[in-house]
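Worksheet: one structure, shown below.
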2 protein chains.
Amino acid sequence: MSKGADTRERILDQAVRIASRDGLGGLTIGTLSSELKLSKSGLFSHFGSKDELQLQVLHAAVAKFNETVVRPALAAPRGEPRIRAFFEHWLAWANNSDMPGGCIFVTASVELDDRPGPQRDFFSKAYGDRIAFLAKAARLAVETGHFRADLDCDQFAFDIDCIALGFHHTHRLLRDPQAQQRARFAFERLLTSSKA
Amino acid sequence: MSKGADTRERILDQAVRIASRDGLGGLTIGTLSSELKLSKSGLFSHFGSKDELQLQVLHAAVAKFNETVVRPALAAPRGEPRIRAFFEHWLAWANNSDMPGGCIFVTASVELDDRPGPQRDFFSKAYGDRIAFLAKAARLAVETGHFRADLDCDQFAFDIDCIALGFHHTHRLLRDPQAQQRARFAFERLLTSSKA
DNA sequence: GACAAAATAGCACGACCGTTCGTATTCTCT
DNA sequence: AGAGAATACGAACGGTCGTGCTATTTTGTC
């Protein structure tokens with residue numbers, strides 16, 4: 001790998017961390033460069049604009065999510081196990097200590113929902129992809145007979161998303177130690193009600 | 001009402017609107033003052049610091065929420081009707097067009113969850129109060145016999161919160177026209193499963 | 001209507017923002 | 001090893017940020 005690409009990767013890695021905590025808006029080139037012991041202009045020249053940096057941060061974050069959550073889920077057998085794998089890996093992802101601000105899907109979602117532009121376009125699609133992945137996983141679970149045939153799979157995807165968001169807020173803002181337990185309970189109930 | 005208090009109210013009213021869209025961090029004194037045709041320093045002198053302004057914005061937002069959602073719910077008969085009233089008024093609140101950024105509980109929650117300080121302290125408590133209100137409403141529903149006796153009321157509060165958050169993200173980021181329908185469906189299912 | 005008090009404005013400050021540009025350094029390849 | 005490209009740096013820019021000061025205007029009271 002060339003030197004430039006290597007630095008760029010280091011930059012984005014740290015930038016994703018900062019953005020998860022402070023948001024895309026709270027991520028500044030000055031702070032980022034000093035944390036990485038780079039000059040502001042040196043860092044800047046990798047991206048050409050802050051908008052582009054933000055966009056690349058989102059790309060990196062989504063890639064990391066796919067690697068950490070989606071891929072292990074795909075490795076599990078289709079049907080209920082895959083859905084369980086997704087949920088468990090998502091919980092681990094949201095608790096991952098080297099993402100100090102929690103799941104970037106939550107942070108960025110709130111930040112971008114009112115700000116038109118390429119960042120929003122990209123991220124909104126990525127978020128939709130996550131929901132679509134869940135809906136498809138549910139359909140496979142219907143096909144394998146784990147879930148009942150008349151299950152509304154899109155509603156199921158919505159429901160899972162709700163639990164993920166609820167956990168995130170309860171865990172991070174309220175610091176409720178029972179957050180995980182509540183999320184698991186809701187998850188199990190949803191699974192039960194999705195079966196025959 | 002004195003002139004000063006009147007201006008202060010105008011300031012906070014507009015500030016809440018801006019903060020709902022751009023977050024507390026995106027709310028700047030310069031923008032706010034020019035939108036209200038006030039001088040920066042004139043506005044500033046009402047609060048003495050940006051931290052204090054943010055805190056007062058949160059106070060105003062919570063007060064508005066209580067007025068718009070909690071009070072009408074309290075006006076409904078205790079038990080299931082009150083819970084329905086809360087949910088319906090919350091939906092209306094989250095769609096309120098003069099809150100351009102949606103529910104400030106969502107925005108502020110994400111923004112403050114990693115930022116210690118008086119803003120976080122106040123808001124975290126307010127958020128907890130909302131959950132506690134729901135839990136208490138559920139307990140009253142148990143007492144009136146609308147809900148089954150062995151219902152976990154704190155879990156119920158968590159579940160309602162999940163639906164609210166899921167609706168918000170699905171509606172605002174994905175602009176999914178079915179968001180409201182999905183939220184209502186999840187709500188009805190939760191109510192059904194909470195009954196005898 | 002004078003007068004104190006409250007409210008608002010004007011101006012300046014240091015800090016940091018994103019960005020540009022010219023230059024120096026370091027890598028990469030033959 | 002040396003040429004040429006890739007990469008990084010330093011200084012500076014116009015702007016905006018939050019925040020002090022000092023005036024000036026407005027308000028409410030006798």
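All residue names refer to the structure tokens as shown: chains lettered A, B, ... in order, residues numbered from 1 in each chain, ligands numbered from 1 in order.
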
Quiz item: Do you know which residues are at most 9 Å from range 13-23 of chain C counting only C-alpha atoms (C1' of nucleotides), after dropping those on the same chain fewer than 4 positions away, and could you put them as a count of residues only?
Solution: 17

Quiz item: Using only C-alpha atoms (C1' of nucleotides), which residues sit within 10 Å of DA6 in chain C once same-chain residues fewer than 2 positions away are excluded, as number ranges by chain?
Solution: B: 2-4; C: 4, 8; D: 26-28

For the selection you just gave me, I'd like the residues written to a file as a JSON list (two decimals), in the first residue's frame, keeping C-alpha atoms (C1' of nucleotides).
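Generated file (out-v2.json):
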[["chain", "number", "residue", "atom", "x", "y", "z"],
["B", 2, "SER", "CA", -41.47, 43.11, 31.48],
["B", 3, "LYS", "CA", -39.84, 43.84, 28.17],
["B", 4, "GLY", "CA", -36.80, 41.85, 29.04],
["C", 4, "DA", "C1'", -32.59, 55.39, 38.03],
["C", 8, "DT", "C1'", -30.05, 46.85, 23.69],
["D", 26, "DT", "C1'", -35.85, 52.30, 26.21],
["D", 27, "DT", "C1'", -38.68, 51.30, 30.24],
["D", 28, "DG", "C1'", -40.96, 51.98, 34.55]]

Exercise. Return the neighbours of chain D among the residues of chain A, cut-off 12 Å, counting only C-alpha atoms (C1' of nucleotides), as a PyMOL selection string.
Key: chain A and resi 2-8+33+37-46

Quiz item: Which residues in range 1-138 of chain A does DSSP call helix (DSSP H, G or I)? List them as a ChimeraX atom specification.
Solution: /A:3-26,29-35,40-44,50-75,80-95,104-112,118-138

Do you have, as a tab-separated table, the list of residues of chain A lying at most 6 Å from chain B, each with its nearest atom pair and that distance in Å to one decimal, counting only C-alpha atoms and ordered by chain then number?
residue	atom	partner	partner_atom	distance
A:Asp113	CA	B:Leu173	CA	4.5
A:Ser124	CA	B:Leu174	CA	5.9
A:Cys162	CA	B:Gly166	CA	4.4
A:Ile163	CA	B:Cys162	CA	5.7
A:Gly166	CA	B:Cys162	CA	4.4
A:Arg172	CA	B:Asp113	CA	5.6
A:Leu173	CA	B:Asp113	CA	4.5
A:Leu174	CA	B:Ser124	CA	5.9

Would you mind exporting the chosen residues as a compact mmCIF listing (two decimals), in the first residue's frame, restricted to N, CA and C atoms?
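Writing done, so here's again-v2.txt:
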# COMPACT_ATOMS: atom_id res chain seq x y z
N ASP A 113 -30.49 14.12 9.23
CA ASP A 113 -31.87 14.01 8.77
C ASP A 113 -32.45 15.33 8.29
N SER A 124 -28.41 7.99 4.11
CA SER A 124 -29.80 7.56 4.12
C SER A 124 -29.93 6.24 3.37
N CYS A 162 -36.15 -0.41 15.91
CA CYS A 162 -36.66 0.28 17.11
C CYS A 162 -35.90 -0.18 18.35
N ILE A 163 -35.74 -1.48 18.49
CA ILE A 163 -35.07 -2.00 19.67
C ILE A 163 -33.63 -1.51 19.74
N GLY A 166 -33.69 2.12 20.78
CA GLY A 166 -34.06 2.24 22.18
C GLY A 166 -32.94 1.84 23.10
N ARG A 172 -26.90 4.92 26.58
CA ARG A 172 -25.92 5.98 26.50
C ARG A 172 -26.35 7.26 27.22
N LEU A 173 -27.60 7.64 27.05
CA LEU A 173 -28.02 8.87 27.73
C LEU A 173 -28.36 8.58 29.18
N LEU A 174 -29.19 7.58 29.39
CA LEU A 174 -29.64 7.31 30.75
C LEU A 174 -28.64 6.47 31.54

Practice problem: To one decimal in Å, tell me the separation between CA of Phe86 in chain A and CA of Thr192 in chain A. | Solution: 16.7 Å

Exercise. Rounded to one decimal place, report the CA of Pro177 in chain A-CA of Arg139 in chain B distance in Å.
Key: 21.7 Å

Exercise. Can you work out the spacing between CA of Leu134 in chain A and CA of Ala73 in chain A in Å, to one decimal?
Key: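 Atom-to-atom, CA of Leu134 in chain A and CA of Ala73 in chain A are spaced 10.3 Å apart.
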
Exercise. Please provide the set of residues having any atom within 12 Å of Pro77 in chain A, restricted to only C-alpha atoms (C1' of nucleotides), with same-chain residues fewer than 4 positions apart removed, written as a PyMOL selection string.
Key: chain A and resi 71-73+81-86+137+140-141+144+146

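You can rank A:Asn95, A:Ala149, A:His89, A:Leu53 by their closest distance to Ala76 in chain A using only C-alpha atoms, and at the top of that list sits A:His89.
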